[in-house]
Structures are given as C-alpha cells and as structure tokens.
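Visitor: Take this structure, written in structure tokens, and hold onto it; I'll ask about it next.
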Amino acid sequence: MAVSAIGSLSSKLSLGLLNFVLAVSSGWALKHYSIGRYALAAYGLLFAHSVFCILHCTHPNPGQVQRRICELSLRYSPVIFVTLIVGQLQSFGGPQPNFAGSSSWHPIVFSLYISLLALVSVRSCLNEKSKLATVLARLERLNLALCVLWNVFCLWHIAIGDEFWWSLGLALLVLLNHFVLWRLTLRYNISPLEVGTVGMCFSVIFAINAAQEMIENRR
C-alpha cells in the first residue's frame, strides 16, 4: 500500500510538472504569438487546460468531477488546438482560394465538431454499460479520429504548398500523439494524462514555429 501511495504521489508530481511546462509554453505563446483570433483561442485553450490540471494535481483531495474534466479536456483539447492552429495558418495564405482546402474548411470543421458534440451529449445521458452507449462511444472515437485526420490533411496541404516543414512536422506529431504514443501506457508505468500533456507541449512548440515560418516566408 505504501508503494502504491508513493507511486501515485510521483505520478501526480510528474503530471503537475508537465502541466506547469505546458502552462508556461502556452502562456508565452498566448502573450507573444497569438496572432489573430484562431491563435488566441488555441493557446488560450491549452493554457486554461494546463491551469485546471495543475489545480487538480495540487488539490489535497481532488474529486471525481475534477478528474473527469481533466480527462475530457485532454481528449478534446489537443484536437481542437490543432484545428484552430490550422485556421491561423490559413489566414496567412492570402487570397488563394484552395489554400489548404480553405473553400470547404469551415463547413467541414463545423460539421465534424457539431456531430462530435451531439454524440458526446447524447452518450452522457445514457447508462455507460448500455449497448447504445457503447455504439455511441465507438462513433465518438471515429468522429474524433476524422477530426484528427482532417487536421493532418490540412497541415499536409499547407506544408507542400511552399515547403513549410514545421507544418509538416506538426502533422506528423498529430499522428503520433493520437494513434501511436498512447501505446506507451501499455508497456511503461506512465499514464495517458502524462503522455497527452507531453504531446501538447510539443504541439505548442511546433505550432509557434509553423506560424513563424509562414510569416517569414510571406514577407
């Protein structure tokens, strides 16, 4: 029992430290690199997420509601963040009508997230053990994966336009974060919260550099 308590404390400390790093990086980006409404919303989202998770980690007796909010925020915030960053990068593209699929970007994003919100809302009203809730959970994961793949497609489209390597790197990082790195939790003593937070820290770095790369290229 003592070993378990020590392990739990160590996990909370590492998670708190990772969220502190995320808060610093996203706060710095929010202050210095929030060019436009999309970037402001993106970095503000991760900053709010990190602050809430720090409060959760440092709370002497955190409740299940706090933990649930942190888990849900960890699931959706990275995907929404990248979507907003794509919106920021598109704003640097000038008048090109097909820049990263800009002509259809807004309606597709709107459709994906409205359907995701509907699935989450309906499932939250059901018994988690019911068959319908299980089906909705699978549809929710599929919908979220579609959001991720749409982000990757847009970043790839941006990257190949004028060889924006940081955008391509962000696309690869998104794929790793969503489809690969979570497997580390199956083999090592590391929680999904820790893996996801590390991924968000790197996403902030790549997003800043991707925006700066495009700004310098457009001068």
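Letters A, B, ... mark the chains of the structure tokens in the order given; residue numbers begin at 1 per chain; ligand numbers begin at 1, in order shown.
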May I have all residues of chain A that DSSP, computed from the backbone, assigns to alpha helix (DSSP H), given as a ChimeraX atom specification?

Guide: /A:2-32,37-58,64-91,102-124,131-162,165-175,184-187,192-218

Visitor: In Å to one decimal, how far is CA of Leu175 in chain A from CA of Arg67 in chain A?

Guide: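 CA of Leu175 in chain A lies 25.4 Å from CA of Arg67 in chain A.
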
Visitor: List every residue of range 107-206 of chain A that has an atom at most 12 Å from any atom of range 69-89 of chain A, and for each one report the closest atom pair and its distance in Å to one decimal, counting only C-alpha atoms, with rows sorted by chain and then by increasing residue number, as JSON lines.

Guide:
{"residue": "A:Ile108", "atom": "CA", "partner": "A:Thr83", "partner_atom": "CA", "distance": 11.2}
{"residue": "A:Val109", "atom": "CA", "partner": "A:Thr83", "partner_atom": "CA", "distance": 8.0}
{"residue": "A:Phe110", "atom": "CA", "partner": "A:Thr83", "partner_atom": "CA", "distance": 10.8}
{"residue": "A:Leu112", "atom": "CA", "partner": "A:Ile80", "partner_atom": "CA", "distance": 11.0}
{"residue": "A:Tyr113", "atom": "CA", "partner": "A:Ile80", "partner_atom": "CA", "distance": 9.0}
{"residue": "A:Leu116", "atom": "CA", "partner": "A:Tyr76", "partner_atom": "CA", "distance": 10.0}
{"residue": "A:Leu117", "atom": "CA", "partner": "A:Tyr76", "partner_atom": "CA", "distance": 10.6}
{"residue": "A:Val120", "atom": "CA", "partner": "A:Leu72", "partner_atom": "CA", "distance": 10.3}
{"residue": "A:Ser124", "atom": "CA", "partner": "A:Leu72", "partner_atom": "CA", "distance": 11.9}
{"residue": "A:Glu140", "atom": "CA", "partner": "A:Tyr76", "partner_atom": "CA", "distance": 11.1}
{"residue": "A:Arg141", "atom": "CA", "partner": "A:Arg75", "partner_atom": "CA", "distance": 10.1}
{"residue": "A:Asn143", "atom": "CA", "partner": "A:Tyr76", "partner_atom": "CA", "distance": 11.4}
{"residue": "A:Leu144", "atom": "CA", "partner": "A:Val79", "partner_atom": "CA", "distance": 8.0}
{"residue": "A:Ala145", "atom": "CA", "partner": "A:Val79", "partner_atom": "CA", "distance": 9.2}
{"residue": "A:Leu146", "atom": "CA", "partner": "A:Val79", "partner_atom": "CA", "distance": 10.3}
{"residue": "A:Cys147", "atom": "CA", "partner": "A:Val79", "partner_atom": "CA", "distance": 7.1}
{"residue": "A:Val148", "atom": "CA", "partner": "A:Val79", "partner_atom": "CA", "distance": 6.2}
{"residue": "A:Leu149", "atom": "CA", "partner": "A:Val79", "partner_atom": "CA", "distance": 9.9}
{"residue": "A:Trp150", "atom": "CA", "partner": "A:Thr83", "partner_atom": "CA", "distance": 8.6}
{"residue": "A:Asn151", "atom": "CA", "partner": "A:Thr83", "partner_atom": "CA", "distance": 5.9}
{"residue": "A:Val152", "atom": "CA", "partner": "A:Val82", "partner_atom": "CA", "distance": 8.9}
{"residue": "A:Phe153", "atom": "CA", "partner": "A:Val86", "partner_atom": "CA", "distance": 10.1}
{"residue": "A:Cys154", "atom": "CA", "partner": "A:Val86", "partner_atom": "CA", "distance": 6.9}
{"residue": "A:Leu155", "atom": "CA", "partner": "A:Val86", "partner_atom": "CA", "distance": 6.7}
{"residue": "A:Trp156", "atom": "CA", "partner": "A:Val86", "partner_atom": "CA", "distance": 10.4}
{"residue": "A:His157", "atom": "CA", "partner": "A:Val86", "partner_atom": "CA", "distance": 10.4}
{"residue": "A:Ile158", "atom": "CA", "partner": "A:Leu89", "partner_atom": "CA", "distance": 7.9}
{"residue": "A:Ala159", "atom": "CA", "partner": "A:Leu89", "partner_atom": "CA", "distance": 10.2}
{"residue": "A:Phe164", "atom": "CA", "partner": "A:Leu89", "partner_atom": "CA", "distance": 10.7}
{"residue": "A:Trp166", "atom": "CA", "partner": "A:Leu89", "partner_atom": "CA", "distance": 11.3}
{"residue": "A:Ser167", "atom": "CA", "partner": "A:Leu89", "partner_atom": "CA", "distance": 8.8}
{"residue": "A:Leu168", "atom": "CA", "partner": "A:Val86", "partner_atom": "CA", "distance": 11.7}
{"residue": "A:Leu170", "atom": "CA", "partner": "A:Val82", "partner_atom": "CA", "distance": 8.6}
{"residue": "A:Ala171", "atom": "CA", "partner": "A:Val82", "partner_atom": "CA", "distance": 9.0}
{"residue": "A:Leu172", "atom": "CA", "partner": "A:Val82", "partner_atom": "CA", "distance": 12.0}
{"residue": "A:Leu173", "atom": "CA", "partner": "A:Val82", "partner_atom": "CA", "distance": 10.5}
{"residue": "A:Val174", "atom": "CA", "partner": "A:Val82", "partner_atom": "CA", "distance": 8.1}
{"residue": "A:Leu175", "atom": "CA", "partner": "A:Val79", "partner_atom": "CA", "distance": 10.7}
{"residue": "A:Asn177", "atom": "CA", "partner": "A:Pro78", "partner_atom": "CA", "distance": 9.0}
{"residue": "A:His178", "atom": "CA", "partner": "A:Val79", "partner_atom": "CA", "distance": 8.8}
{"residue": "A:Trp182", "atom": "CA", "partner": "A:Arg75", "partner_atom": "CA", "distance": 11.5}
{"residue": "A:Ser191", "atom": "CA", "partner": "A:Glu71", "partner_atom": "CA", "distance": 11.1}
{"residue": "A:Pro192", "atom": "CA", "partner": "A:Glu71", "partner_atom": "CA", "distance": 8.9}
{"residue": "A:Leu193", "atom": "CA", "partner": "A:Leu74", "partner_atom": "CA", "distance": 7.0}
{"residue": "A:Glu194", "atom": "CA", "partner": "A:Leu74", "partner_atom": "CA", "distance": 9.8}
{"residue": "A:Val195", "atom": "CA", "partner": "A:Leu74", "partner_atom": "CA", "distance": 10.0}
{"residue": "A:Gly196", "atom": "CA", "partner": "A:Leu74", "partner_atom": "CA", "distance": 6.7}
{"residue": "A:Thr197", "atom": "CA", "partner": "A:Leu74", "partner_atom": "CA", "distance": 7.6}
{"residue": "A:Val198", "atom": "CA", "partner": "A:Pro78", "partner_atom": "CA", "distance": 10.9}
{"residue": "A:Gly199", "atom": "CA", "partner": "A:Pro78", "partner_atom": "CA", "distance": 8.3}
{"residue": "A:Met200", "atom": "CA", "partner": "A:Pro78", "partner_atom": "CA", "distance": 6.3}
{"residue": "A:Cys201", "atom": "CA", "partner": "A:Pro78", "partner_atom": "CA", "distance": 9.9}
{"residue": "A:Phe202", "atom": "CA", "partner": "A:Pro78", "partner_atom": "CA", "distance": 10.8}
{"residue": "A:Ser203", "atom": "CA", "partner": "A:Val82", "partner_atom": "CA", "distance": 8.0}
{"residue": "A:Val204", "atom": "CA", "partner": "A:Phe81", "partner_atom": "CA", "distance": 9.0}
{"residue": "A:Ile205", "atom": "CA", "partner": "A:Ile85", "partner_atom": "CA", "distance": 11.8}
{"residue": "A:Phe206", "atom": "CA", "partner": "A:Ile85", "partner_atom": "CA", "distance": 10.2}

Visitor: Just checking: using only C-alpha atoms, which residue out of A:Leu18, A:Cys57, A:Leu119, A:Leu30 ends up closest to Leu139 in chain A?

Guide: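 Ranked by minimum distance to Leu139 in chain A, first place goes to A:Leu119.
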
Visitor: If you measure from CA of Ser50 in chain A to CA of Ala23 in chain A, what distance in Å do you get, rounded to one decimal?

Guide: 5.3 Å

Visitor: Tell me which of A:Ala48, A:Ala210, A:Val21, A:Cys53 sits closest to Tyr33 in chain A, counting only C-alpha atoms.

Guide: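 The shortest atom-to-atom distance to Tyr33 in chain A comes from A:Ala210.
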
Visitor: When you draw a straight line from CA of Val65 in chain A to CA of His49 in chain A, how long is it in Å?

Guide: 14.6 Å
